[in-house]
file upload-v1.txt (compact mmCIF, C-alpha atoms and all ligand atoms)
# COMPACT_ATOMS: atom_id res chain seq x y z
CA MET Y 1 -54.91 -1.67 -23.99
CA TYR Y 2 -55.91 -2.99 -20.62
CA THR Y 3 -53.59 -4.51 -18.08
CA ASN Y 4 -54.68 -6.90 -15.43
CA ILE Y 5 -52.68 -8.79 -12.89
CA ASP Y 6 -53.98 -12.25 -12.33
CA ASN Y 7 -53.24 -13.25 -8.77
CA LYS Y 8 -54.21 -16.87 -9.07
CA GLN Y 9 -51.94 -17.73 -11.92
CA LYS Y 10 -49.36 -15.09 -11.21
CA ILE Y 11 -49.32 -13.93 -14.75
CA ILE Y 12 -50.01 -10.58 -16.21
CA ILE Y 13 -52.79 -10.51 -18.71
CA LEU Y 14 -52.78 -7.83 -21.33
CA SER Y 15 -55.77 -7.52 -23.57
CA VAL Y 16 -54.48 -5.66 -26.56
CA ASP Y 17 -55.31 -5.49 -30.18
CA ASN Y 18 -51.63 -5.82 -30.97
CA LEU Y 19 -50.51 -9.43 -31.02
CA THR Y 20 -46.86 -8.63 -30.39
CA TYR Y 21 -47.46 -7.95 -26.77
CA ILE Y 22 -49.35 -11.08 -26.16
CA ILE Y 23 -46.45 -13.04 -27.59
CA LEU Y 24 -43.99 -11.02 -25.63
CA LEU Y 25 -45.89 -11.75 -22.48
CA SER Y 26 -46.09 -15.43 -23.14
CA GLN Y 27 -42.33 -15.35 -23.47
CA LEU Y 28 -42.07 -13.36 -20.31
CA SER Y 29 -43.44 -16.15 -18.21
CA ILE Y 30 -40.64 -18.38 -19.47
CA VAL Y 31 -37.86 -15.97 -18.79
CA PHE Y 32 -38.68 -14.92 -15.28
CA ILE Y 33 -35.87 -15.87 -13.03
CA LYS Y 34 -36.08 -15.63 -9.32
CA ASN Y 35 -33.20 -13.82 -7.83
CA LYS Y 36 -34.13 -13.37 -4.25
CA ASP Y 37 -30.57 -13.53 -2.95
CA PHE Y 38 -29.72 -10.52 -4.97
CA PHE Y 39 -32.83 -8.42 -4.55
CA GLY Y 40 -33.80 -9.42 -1.06
CA GLY Y 41 -37.41 -10.11 -2.00
CA LYS Y 42 -38.63 -6.53 -2.05
CA MET Y 43 -38.57 -3.53 -4.30
CA GLU Y 44 -35.06 -2.12 -4.33
CA THR Y 45 -34.51 1.60 -4.06
CA LYS Y 46 -31.65 1.53 -6.50
CA ASN Y 47 -32.16 -0.75 -9.44
CA GLU Y 48 -29.71 -1.44 -12.15
CA ILE Y 49 -30.67 -2.24 -15.68
CA GLU Y 50 -28.14 -4.35 -17.55
CA LEU Y 51 -27.85 -4.53 -21.29
CA TYR Y 52 -25.85 -7.16 -23.14
CA MET Y 53 -25.38 -7.11 -26.84
CA ASN Y 54 -24.62 -9.78 -29.38
CA GLU Y 55 -23.50 -7.99 -32.52
CA ASN Y 56 -23.39 -11.19 -34.58
CA LEU Y 57 -27.00 -12.01 -33.88
CA LYS Y 58 -27.91 -8.30 -33.91
CA GLU Y 59 -29.62 -8.94 -30.67
CA GLU Y 60 -29.63 -7.42 -27.24
CA GLN Y 61 -30.76 -8.79 -23.96
CA ILE Y 62 -31.94 -6.58 -21.17
CA ARG Y 63 -32.07 -7.56 -17.55
CA VAL Y 64 -34.45 -5.28 -15.85
CA PRO Y 65 -35.90 -5.74 -12.39
CA MET Y 66 -39.65 -5.56 -12.17
CA LEU Y 67 -42.12 -5.61 -9.38
CA ASP Y 68 -44.04 -8.83 -9.08
CA PHE Y 69 -45.54 -10.87 -6.31
CA GLU Y 70 -45.30 -14.44 -5.13
CA MET Y 71 -47.04 -16.62 -2.62
CA ASN Y 72 -45.58 -16.85 0.85
CA GLU Y 73 -45.87 -19.82 3.22
CA GLU Y 74 -49.25 -18.64 4.52
CA GLY Y 75 -50.65 -18.64 1.01
CA ASP Y 76 -50.78 -14.84 0.74
CA TYR Y 77 -49.20 -12.84 -1.98
CA GLN Y 78 -46.24 -10.64 -1.17
CA TYR Y 79 -44.13 -8.32 -3.26
CA THR Y 80 -40.90 -9.46 -4.75
CA THR Y 81 -38.57 -8.21 -7.44
CA LYS Y 82 -37.94 -10.48 -10.35
CA VAL Y 83 -35.68 -10.04 -13.28
CA TYR Y 84 -37.01 -9.84 -16.80
CA GLU Y 85 -34.60 -11.18 -19.40
CA GLN Y 86 -35.56 -11.25 -23.02
CA PRO Y 87 -33.59 -11.13 -26.26
CA ASN Y 88 -34.78 -8.30 -28.49
CA LYS Y 89 -33.76 -6.78 -31.74
CA ILE Y 90 -31.23 -4.05 -30.98
CA GLY Y 91 -33.16 -0.83 -30.52
CA SER Y 92 -36.60 -2.36 -30.06
CA ILE Y 93 -37.35 -0.64 -26.76
CA VAL Y 94 -36.73 2.83 -28.08
CA LEU Y 95 -38.70 1.92 -31.23
CA ASP Y 96 -41.65 0.76 -29.10
CA PHE Y 97 -41.39 3.93 -27.11
CA ILE Y 98 -41.62 6.28 -30.10
CA GLN Y 99 -43.94 4.23 -32.27
CA GLN Y 100 -46.64 3.06 -29.90
CA GLU Y 101 -49.51 5.10 -28.61
CA LEU Y 102 -48.00 6.03 -25.26
CA LYS Y 103 -51.32 6.52 -23.58
CA GLU Y 104 -51.94 2.84 -24.09
CA MET Y 105 -48.34 1.83 -23.68
CA SER Y 106 -47.35 3.65 -20.53
CA CYS Y 107 -48.48 0.95 -18.18
CA PHE Y 108 -46.57 -1.58 -20.18
CA ILE Y 109 -43.42 0.50 -20.33
CA PHE Y 110 -43.80 1.20 -16.67
CA ARG Y 111 -43.99 -2.39 -15.64
CA PHE Y 112 -41.53 -4.02 -17.95
CA TYR Y 113 -38.92 -1.57 -19.00
CA GLY Y 114 -37.64 -0.43 -15.68
CA PHE Y 115 -40.37 1.83 -14.34
CA GLN Y 116 -38.99 1.36 -10.85
CA THR Y 117 -35.95 3.33 -11.89
CA LEU Y 118 -38.16 6.37 -12.52
CA LEU Y 119 -40.18 6.29 -9.33
CA THR Y 120 -39.37 8.41 -6.33
CA GLU Y 121 -38.75 6.68 -3.06
CA LYS Y 122 -42.12 7.90 -1.83
CA GLU Y 123 -43.87 6.36 -4.82
CA ARG Y 124 -42.11 3.06 -4.26
CA LYS Y 125 -43.17 3.04 -0.64
CA GLU Y 126 -46.77 3.81 -1.62
CA ILE Y 127 -46.86 0.78 -3.90
CA LEU Y 128 -45.34 -1.47 -1.26
CA ALA Y 129 -47.88 -0.26 1.28
CA LEU Y 130 -50.72 -1.65 -0.85
CA ASN Y 131 -51.95 -5.16 -0.29
CA PRO Y 132 -50.91 -7.18 -3.35
CA ASN Y 133 -53.96 -9.37 -2.81
CA GLU Y 134 -56.10 -6.38 -3.75
CA ASN Y 135 -55.89 -6.28 -7.51
CA LYS Y 136 -58.00 -3.23 -7.99
CA GLU Y 137 -56.08 -0.97 -5.66
CA LEU Y 138 -52.76 -1.89 -7.23
CA ASN Y 139 -54.05 -1.35 -10.75
CA ASN Y 140 -55.42 2.04 -9.75
CA LYS Y 141 -52.09 3.01 -8.28
CA ILE Y 142 -50.16 1.95 -11.37
CA ASP Y 143 -52.65 3.83 -13.56
CA LYS Y 144 -52.20 6.95 -11.47
CA LEU Y 145 -48.44 6.73 -11.72
CA SER Y 146 -48.67 6.17 -15.48
CA ASN Y 147 -50.78 9.30 -15.81
CA LYS Y 148 -48.28 11.27 -13.81
CA TYR Y 149 -45.40 10.27 -16.08
CA GLN Y 150 -47.45 10.55 -19.26
CA LYS Y 151 -46.43 14.13 -20.06
CA GLU Y 152 -42.79 13.36 -19.52
CA PHE Y 153 -43.04 10.27 -21.74
CA GLU Y 154 -44.67 12.31 -24.51
CA SER Y 155 -41.93 14.92 -24.27
CA TYR Y 156 -39.17 12.31 -24.46
CA LYS Y 157 -40.90 10.67 -27.38
CA ARG Y 158 -40.96 13.95 -29.29
CA GLN Y 159 -37.29 14.63 -28.50
CA ILE Y 160 -36.21 11.19 -29.73
CA ILE Y 161 -38.22 11.52 -32.94
CA ASP Y 162 -36.64 14.94 -33.58
CA ILE Y 163 -33.16 13.48 -33.21
CA ILE Y 164 -33.95 10.47 -35.39
CA GLU Y 165 -35.46 12.63 -38.11
CA TYR Y 166 -32.46 14.97 -38.04
CA CYS Y 167 -29.78 12.28 -37.99
CA LEU Y 168 -31.34 9.58 -40.18
CA PHE Y 169 -33.90 11.15 -42.50
CA ASN Y 170 -32.45 14.58 -43.07
CA GLU Y 171 -32.70 15.70 -46.67
CA LYS Y 172 -30.49 18.76 -46.33
CA LYS Y 173 -28.01 18.64 -49.16
CA GLU Y 174 -25.00 19.85 -47.20
CA LEU Y 175 -25.42 17.04 -44.64
CA GLU Y 176 -25.43 14.33 -47.27
CA ASP Y 177 -21.96 12.93 -46.56
CA LEU Y 178 -22.19 12.99 -42.79
CA ASN Y 179 -22.85 9.79 -40.86
CA PRO Y 180 -25.65 9.73 -38.24
CA LEU Y 181 -23.28 10.30 -35.30
CA GLU Y 182 -21.71 13.30 -37.01
CA LYS Y 183 -25.18 14.67 -37.55
CA LEU Y 184 -25.91 14.13 -33.85
CA HIS Y 185 -22.85 16.21 -33.09
CA LEU Y 186 -24.18 18.93 -35.34
CA PHE Y 187 -27.61 18.63 -33.74
CA ILE Y 188 -26.18 19.05 -30.23
CA ASN Y 189 -24.22 22.12 -31.25
CA THR Y 190 -26.89 23.92 -33.21
CA LYS Y 191 -30.15 23.24 -31.37
CA ASN Y 192 -31.41 24.65 -28.14
CA ILE Y 193 -30.12 21.81 -26.04
CA GLU Y 194 -32.33 22.62 -23.06
CA GLU Y 195 -35.27 21.35 -25.03
CA TYR Y 196 -33.64 17.94 -25.28
CA PRO Y 197 -33.07 16.53 -21.78
CA ILE Y 198 -32.78 13.04 -23.32
CA LEU Y 199 -29.28 14.05 -24.42
CA ASN Y 200 -28.24 14.38 -20.79
CA HIS Y 201 -29.19 10.79 -20.12
CA ASN Y 202 -25.95 9.56 -21.57
CA GLU Y 203 -24.52 7.87 -18.53
CA PHE Y 204 -23.81 4.21 -18.33
CA ARG Y 205 -21.06 1.98 -17.08
CA LYS Y 206 -19.45 -0.60 -19.28
CA VAL Y 207 -18.24 -3.71 -17.50
CA ILE Y 208 -17.00 -7.05 -18.73
CA LYS Y 209 -18.51 -10.17 -17.28
CA LEU Y 210 -20.27 -13.41 -18.02
CA ASN Y 211 -23.89 -12.96 -18.90
CA LYS Y 212 -25.14 -15.42 -16.41
CA SER Y 213 -25.48 -15.57 -12.71
CA THR Y 214 -22.41 -17.49 -11.58
CA PHE Y 215 -22.93 -16.77 -7.94
CA LYS Y 216 -21.69 -19.60 -5.67
CA MET Y 217 -20.55 -21.75 -8.60
CA THR Y 218 -17.57 -24.06 -8.21
CA GLU Y 219 -14.67 -23.85 -10.63
CA LYS Y 220 -15.86 -27.01 -12.38
CA GLU Y 221 -19.40 -25.67 -12.77
CA LEU Y 222 -18.07 -22.38 -14.00
CA ILE Y 223 -15.94 -24.03 -16.69
CA GLN Y 224 -18.94 -26.04 -17.81
CA THR Y 225 -21.11 -22.95 -17.95
CA ILE Y 226 -18.62 -21.03 -20.05
CA LYS Y 227 -18.20 -23.96 -22.45
CA ASP Y 228 -21.92 -24.53 -22.88
CA LYS Y 229 -22.58 -22.15 -25.76
CA ASP Y 230 -26.22 -23.17 -26.15
CA SER Y 231 -27.44 -22.07 -22.77
CA ASN Y 232 -24.96 -19.22 -22.68
CA ARG Y 233 -25.33 -17.63 -26.09
CA TYR Y 234 -23.75 -14.37 -25.06
CA GLY Y 235 -20.60 -15.71 -23.41
CA VAL Y 236 -18.25 -13.29 -21.76
CA GLN Y 237 -19.56 -9.91 -22.77
CA GLU Y 238 -19.33 -6.21 -22.41
CA ILE Y 239 -22.31 -5.22 -20.39
CA TYR Y 240 -23.81 -1.77 -20.08
CA GLU Y 241 -24.99 -0.96 -16.60
CA ILE Y 242 -27.73 1.64 -16.57
CA ASP Y 243 -29.58 3.09 -13.63
CA ASN Y 244 -32.45 4.91 -15.26
CA PHE Y 245 -35.03 4.11 -17.93
CA TYR Y 246 -34.25 7.25 -19.95
CA ASN Y 247 -30.55 6.30 -20.05
CA LEU Y 248 -31.67 3.01 -21.56
CA LEU Y 249 -33.63 4.86 -24.24
CA PHE Y 250 -30.65 7.06 -25.03
CA LEU Y 251 -28.29 4.10 -25.20
CA GLU Y 252 -30.55 2.35 -27.70
CA LEU Y 253 -30.85 5.54 -29.72
CA TYR Y 254 -27.06 5.72 -29.71
CA PHE Y 255 -26.80 2.12 -31.04
CA ILE Y 256 -29.13 3.11 -33.87
CA LEU Y 257 -27.04 6.18 -34.72
CA GLN Y 258 -23.91 4.01 -34.59
CA GLU Y 259 -25.69 1.78 -37.13
CA LYS Y 260 -25.39 -1.33 -35.00
CA THR Y 261 -28.92 -1.81 -36.31
CA TYR Y 262 -30.84 0.09 -38.99
CA LEU Y 263 -33.89 2.14 -38.22
CA LYS Y 264 -35.84 2.73 -41.42
CA LYS Y 265 -39.05 4.39 -42.46
CA CYS Y 266 -41.19 2.00 -44.48
CA LYS Y 267 -41.68 3.15 -48.06
CA ASN Y 268 -45.22 1.84 -48.05
CA CYS Y 269 -46.79 2.60 -44.65
CA GLY Y 270 -44.35 5.25 -43.41
CA LYS Y 271 -43.81 3.65 -40.01
CA TYR Y 272 -40.40 3.23 -38.45
CA PHE Y 273 -39.02 -0.30 -38.30
CA LEU Y 274 -35.74 -2.04 -37.46
CA THR Y 275 -33.74 -4.19 -39.83
CA THR Y 276 -30.30 -5.77 -39.85
CA ASN Y 277 -30.02 -5.40 -43.63
CA SER Y 278 -29.43 -1.80 -44.68
CA ALA Y 279 -30.86 -2.52 -48.16
CA VAL Y 280 -34.37 -3.22 -46.81
CA ILE Y 281 -36.88 -0.44 -47.46
CA TYR Y 282 -40.26 -2.04 -46.65
CA CYS Y 283 -41.44 -3.33 -43.28
CA ASP Y 284 -42.94 -6.75 -42.58
CA ASN Y 285 -46.15 -5.50 -40.99
CA ARG Y 286 -49.46 -6.57 -42.47
CA PHE Y 287 -50.84 -3.71 -44.48
CA GLU Y 288 -53.95 -4.72 -46.41
CA ASP Y 289 -55.54 -7.82 -47.91
CA ASN Y 290 -53.36 -9.84 -45.58
CA LYS Y 291 -50.31 -8.62 -47.46
CA THR Y 292 -47.21 -7.18 -45.81
CA CYS Y 293 -45.69 -3.89 -46.95
CA ARG Y 294 -42.73 -5.85 -48.29
CA GLU Y 295 -44.99 -8.07 -50.42
CA ILE Y 296 -46.79 -5.01 -51.74
CA GLY Y 297 -43.44 -3.37 -52.49
CA ALA Y 298 -42.14 -6.43 -54.32
CA SER Y 299 -45.30 -6.71 -56.41
CA LYS Y 300 -44.70 -3.18 -57.70
CA VAL Y 301 -41.22 -4.02 -58.97
CA PHE Y 302 -41.17 -4.70 -62.67
CA THR Y 303 -38.36 -6.99 -63.70
CA LYS Y 304 -37.26 -6.78 -67.31
CA ASN Y 305 -36.46 -9.99 -69.23
CA LEU Y 306 -37.65 -12.17 -66.41
CA GLU Y 307 -37.43 -15.33 -68.50
CA LYS Y 308 -33.73 -14.69 -69.12
CA ASP Y 309 -32.92 -14.34 -65.42
CA GLU Y 310 -31.09 -17.50 -64.33
CA ALA Y 311 -31.98 -17.05 -60.65
CA TYR Y 312 -35.71 -16.84 -61.49
CA ASN Y 313 -35.43 -19.88 -63.71
CA LEU Y 314 -33.71 -21.82 -60.96
CA TYR Y 315 -36.41 -20.70 -58.52
CA ARG Y 316 -39.13 -21.98 -60.83
CA LYS Y 317 -37.28 -25.26 -61.35
CA VAL Y 318 -36.92 -25.91 -57.61
CA TYR Y 319 -40.52 -24.88 -57.06
CA LYS Y 320 -41.88 -27.27 -59.70
CA LYS Y 321 -39.74 -30.13 -58.47
CA LYS Y 322 -40.97 -29.75 -54.91
CA GLN Y 323 -44.56 -29.34 -56.08
CA ALA Y 324 -44.40 -32.55 -58.11
CA LEU Y 325 -42.92 -34.51 -55.21
CA ALA Y 326 -45.59 -33.20 -52.85
CA LYS Y 327 -48.31 -34.29 -55.29
CA SER Y 328 -46.97 -37.79 -55.94
CA LYS Y 329 -45.57 -38.70 -52.53
CA GLY Y 330 -47.33 -36.40 -50.03
CA GLY Y 331 -46.38 -36.62 -46.36
CA SER Y 332 -43.07 -35.00 -45.52
CA PHE Y 333 -42.70 -33.86 -49.14
CA GLU Y 334 -45.87 -31.88 -48.81
CA ILE Y 335 -44.60 -30.28 -45.60
CA GLU Y 336 -41.33 -29.49 -47.34
CA TYR Y 337 -43.17 -27.98 -50.32
CA ASN Y 338 -45.24 -25.74 -48.05
CA ARG Y 339 -42.13 -24.57 -46.24
CA PHE Y 340 -40.43 -23.77 -49.53
CA LYS Y 341 -43.51 -21.99 -50.87
CA HIS Y 342 -43.39 -19.66 -47.90
CA GLN Y 343 -39.63 -19.12 -47.55
CA GLY Y 344 -39.01 -19.14 -51.31
CA LYS Y 345 -41.53 -16.35 -51.85
CA ASP Y 346 -39.83 -14.35 -49.16
CA LYS Y 347 -36.40 -14.85 -50.74
CA LYS Y 348 -37.79 -14.07 -54.21
CA ASN Y 349 -39.18 -10.81 -52.85
CA ALA Y 350 -35.84 -10.04 -51.21
CA TYR Y 351 -34.11 -10.64 -54.57
CA LYS Y 352 -36.65 -8.52 -56.44
CA LEU Y 353 -36.23 -5.67 -53.97
CA LYS Y 354 -32.44 -6.03 -54.19
CA GLU Y 355 -32.15 -6.84 -50.49
CA ILE Y 356 -30.03 -9.82 -51.46
CA THR Y 357 -27.76 -10.31 -54.49
CA LYS Y 358 -28.31 -12.77 -57.32
CA GLU Y 359 -25.44 -14.89 -55.94
CA GLU Y 360 -27.04 -15.05 -52.52
CA PHE Y 361 -30.41 -16.04 -54.02
CA VAL Y 362 -28.85 -18.76 -56.21
CA LYS Y 363 -26.78 -20.07 -53.30
CA TRP Y 364 -29.90 -20.30 -51.17
CA LEU Y 365 -31.82 -22.09 -53.93
CA ASN Y 366 -29.01 -24.59 -54.41
CA ASN Y 367 -29.19 -25.48 -50.74
CA GLN Y 368 -32.91 -26.33 -50.96
ZN ZN H 401 -44.76 -0.76 -43.76

call {"tool": "encode", "arguments": {"input": "upload-v1.txt", "output": "structure tokens"}}
result
Amino acid sequence: MYTNIDNKQKIIILSVDNLTYIILLSQLSIVFIKNKDFFGGKMETKNEIELYMNENLKEEQIRVPMLDFEMNEEGDYQYTTKVYEQPNKIGSIVLDFIQQELKEMSCFIFRFYGFQTLLTEKERKEILALNPNENKELNNKIDKLSNKYQKEFESYKRQIIDIIEYCLFNEKKELEDLNPLEKLHLFINTKNIEEYPILNHNEFRKVIKLNKSTFKMTEKELIQTIKDKDSNRYGVQEIYEIDNFYNLLFLELYFILQEKTYLKKCKNCGKYFLTTNSAVIYCDNRFEDNKTCREIGASKVFTKNLEKDEAYNLYRKVYKKKQALAKSKGGSFEIEYNRFKHQGKDKKNAYKLKEITKEEFVKWLNNQ
């Protein structure tokens, strides 16, 4: 992976072979919000990361300050701190951290997930002393800092994987009935805890507020903001205030162990993945022949007496009806048929793999 900061367009270009990050970055440009009043237009020495969670949507949003630059009145670039806000699946930062090749990822983690909270004051000053109009120098500096933290990142990665393996994928018979948090308790009390500094990063503050900057708003504006559920999907929330990147990793690990989300190991490719449905056992990554692990998994399931299964019969009926309409009328019917082909296959796989019940599958089909 290669990171480049494009001064002209003020975007960050990442050439990666992993599409996810390109998408993530394209979203980033939308979610930048300027917050100069709050950050004073420079890199802060004490940055707070805020995490909001929506348990219904199984989604979290993280506000993390990141170093960026903007054009001043003279047309030169100067440093500023912007806030990155992006809804993620709960636990996706810690998953990225343990799953990705950290050598390639470090720069990314550094820039977007609160690297400023790890830097010493001296390191911050060194960055600010560089001319932001000199791309090369800045990239070199970031690379150097990434290398410095590399070892620490690798160590934290190993610690987190150890804890996950112990608490979620432990096959010891006597631990069978314990939940993940109880296993964590056991882990803490039986392992050499000095080898797991991540466990000390368990500090955060929980505050209750509105997940939106309401600074300088009038009462009327405030009422409107609270009522507008579309632009304010999180409403009044409990917010975790975190002051260090490793605390953020621990907090996400904690959510996983609390089963606010499910971290699974794919039965086909063996990689970790997150899901909101505890019955899911295959991931949605492309594996081979353009097929996802889930599709491969579903194709291995043999269903007895298929022709007697009412849900399958209903599926076929809906399928044929939509196909016939698409053929005879075309246009929007064809679009609708293509949508159903795609979503219906997905639901059929979910039914086959017992991720959803027969009732759920039939209910979905009846709504088509
Ligand atoms: Zn997989």

call {"tool": "residues_near_ligand", "arguments": {"input": "upload-v1.txt", "ligand": "ligand ZN 401 (chain H)", "cutoff": "9 Å", "atoms": "all atoms listed in the file", "output": "PyMOL selection string"}}
result
chain Y and resi 265-273+281-287+292-294

call {"tool": "residues_around", "arguments": {"input": "upload-v1.txt", "residues": "range 61-68 of chain Y", "least_positions_apart": "3", "cutoff": "6 Å", "atoms": "only C-alpha atoms", "output": "ChimeraX atom specification"}}
result
/Y:49-52,79-87,114

call {"tool": "write_last_selection", "arguments": {"input": "upload-v1.txt", "atoms": "C-alpha atoms", "output": "PDB file, keeping the file's coordinate frame"}}
result
ATOM      1  CA  ILE Y  49     -30.670  -2.240 -15.680  1.00  0.00           C
ATOM      2  CA  GLU Y  50     -28.140  -4.350 -17.550  1.00  0.00           C
ATOM      3  CA  LEU Y  51     -27.850  -4.530 -21.290  1.00  0.00           C
ATOM      4  CA  TYR Y  52     -25.850  -7.160 -23.140  1.00  0.00           C
ATOM      5  CA  TYR Y  79     -44.130  -8.320  -3.260  1.00  0.00           C
ATOM      6  CA  THR Y  80     -40.900  -9.460  -4.750  1.00  0.00           C
ATOM      7  CA  THR Y  81     -38.570  -8.210  -7.440  1.00  0.00           C
ATOM      8  CA  LYS Y  82     -37.940 -10.480 -10.350  1.00  0.00           C
ATOM      9  CA  VAL Y  83     -35.680 -10.040 -13.280  1.00  0.00           C
ATOM     10  CA  TYR Y  84     -37.010  -9.840 -16.800  1.00  0.00           C
ATOM     11  CA  GLU Y  85     -34.600 -11.180 -19.400  1.00  0.00           C
ATOM     12  CA  GLN Y  86     -35.560 -11.250 -23.020  1.00  0.00           C
ATOM     13  CA  PRO Y  87     -33.590 -11.130 -26.260  1.00  0.00           C
ATOM     14  CA  GLY Y 114     -37.640  -0.430 -15.680  1.00  0.00           C
TER      15      GLY Y 114
END

call {"tool": "atom_distance", "arguments": {"input": "upload-v1.txt", "atom1": "CA of Met53 in chain Y", "atom2": "CA of Val207 in chain Y"}}
result
12.2 Å

call {"tool": "atom_distance", "arguments": {"input": "upload-v1.txt", "atom1": "CA of Gly91 in chain Y", "atom2": "CA of Glu194 in chain Y"}}
result
24.6 Å

call {"tool": "atom_distance", "arguments": {"input": "upload-v1.txt", "atom1": "CA of Leu130 in chain Y", "atom2": "CA of Tyr156 in chain Y"}}
result
29.8 Å

call {"tool": "closest_residue", "arguments": {"input": "upload-v1.txt", "among": "Y:Glu60, Y:Val362, Y:Glu288, Y:Tyr319", "to": "His342 in chain Y", "atoms": "all atoms listed in the file"}}
result
Y:Tyr319

call {"tool": "residues_around", "arguments": {"input": "upload-v1.txt", "residues": "range 301-303 of chain Y", "least_positions_apart": "4", "cutoff": "10 Å", "atoms": "all atoms listed in the file", "output": "PDB file with C-alpha atoms, in the frame of the given file"}}
result
ATOM      1  CA  ILE Y 296     -46.790  -5.010 -51.740  1.00  0.00           C
ATOM      2  CA  GLY Y 297     -43.440  -3.370 -52.490  1.00  0.00           C
ATOM      3  CA  GLU Y 307     -37.430 -15.330 -68.500  1.00  0.00           C
ATOM      4  CA  ASP Y 309     -32.920 -14.340 -65.420  1.00  0.00           C
ATOM      5  CA  ASN Y 349     -39.180 -10.810 -52.850  1.00  0.00           C
ATOM      6  CA  LYS Y 352     -36.650  -8.520 -56.440  1.00  0.00           C
ATOM      7  CA  LEU Y 353     -36.230  -5.670 -53.970  1.00  0.00           C
TER       8      LEU Y 353
END

call {"tool": "closest_residue", "arguments": {"input": "upload-v1.txt", "among": "Y:Phe245, Y:Ile163, Y:Ala350, Y:Tyr315", "to": "Asn277 in chain Y", "atoms": "only C-alpha atoms"}}
result
Y:Ala350

call {"tool": "closest_residue", "arguments": {"input": "upload-v1.txt", "among": "Y:Gln343, Y:Met105, Y:Asn170, Y:Gln258", "to": "Asp143 in chain Y", "atoms": "all atoms listed in the file"}}
result
Y:Met105

call {"tool": "closest_residue", "arguments": {"input": "upload-v1.txt", "among": "Y:Leu102, Y:Ile90, Y:Ala324, Y:Met217", "to": "Asn54 in chain Y", "atoms": "all atoms listed in the file"}}
result
Y:Ile90

call {"tool": "closest_atom_pairs", "arguments": {"input": "upload-v1.txt", "of": "range 198-303 of chain Y", "to": "range 118-126 of chain Y", "cutoff": "12 Å", "atoms": "only C-alpha atoms", "output": "tab-separated table"}}
result
residue	atom	partner	partner_atom	distance
Y:Asp243	CA	Y:Leu118	CA	9.3
Y:Asn244	CA	Y:Leu118	CA	6.5
Y:Phe245	CA	Y:Leu118	CA	6.6
Y:Tyr246	CA	Y:Leu118	CA	8.4
Y:Asn247	CA	Y:Leu118	CA	10.7
Y:Leu248	CA	Y:Leu118	CA	11.6

call {"tool": "write_last_selection", "arguments": {"input": "upload-v1.txt", "atoms": "C-alpha atoms", "output": "mmCIF file, in the coordinates of the input"}}
result
data_model
loop_
_atom_site.group_PDB
_atom_site.id
_atom_site.type_symbol
_atom_site.label_atom_id
_atom_site.label_comp_id
_atom_site.auth_asym_id
_atom_site.auth_seq_id
_atom_site.Cartn_x
_atom_site.Cartn_y
_atom_site.Cartn_z
ATOM 1 C CA ASP Y 243 -29.580 3.090 -13.630
ATOM 2 C CA ASN Y 244 -32.450 4.910 -15.260
ATOM 3 C CA PHE Y 245 -35.030 4.110 -17.930
ATOM 4 C CA TYR Y 246 -34.250 7.250 -19.950
ATOM 5 C CA ASN Y 247 -30.550 6.300 -20.050
ATOM 6 C CA LEU Y 248 -31.670 3.010 -21.560
#
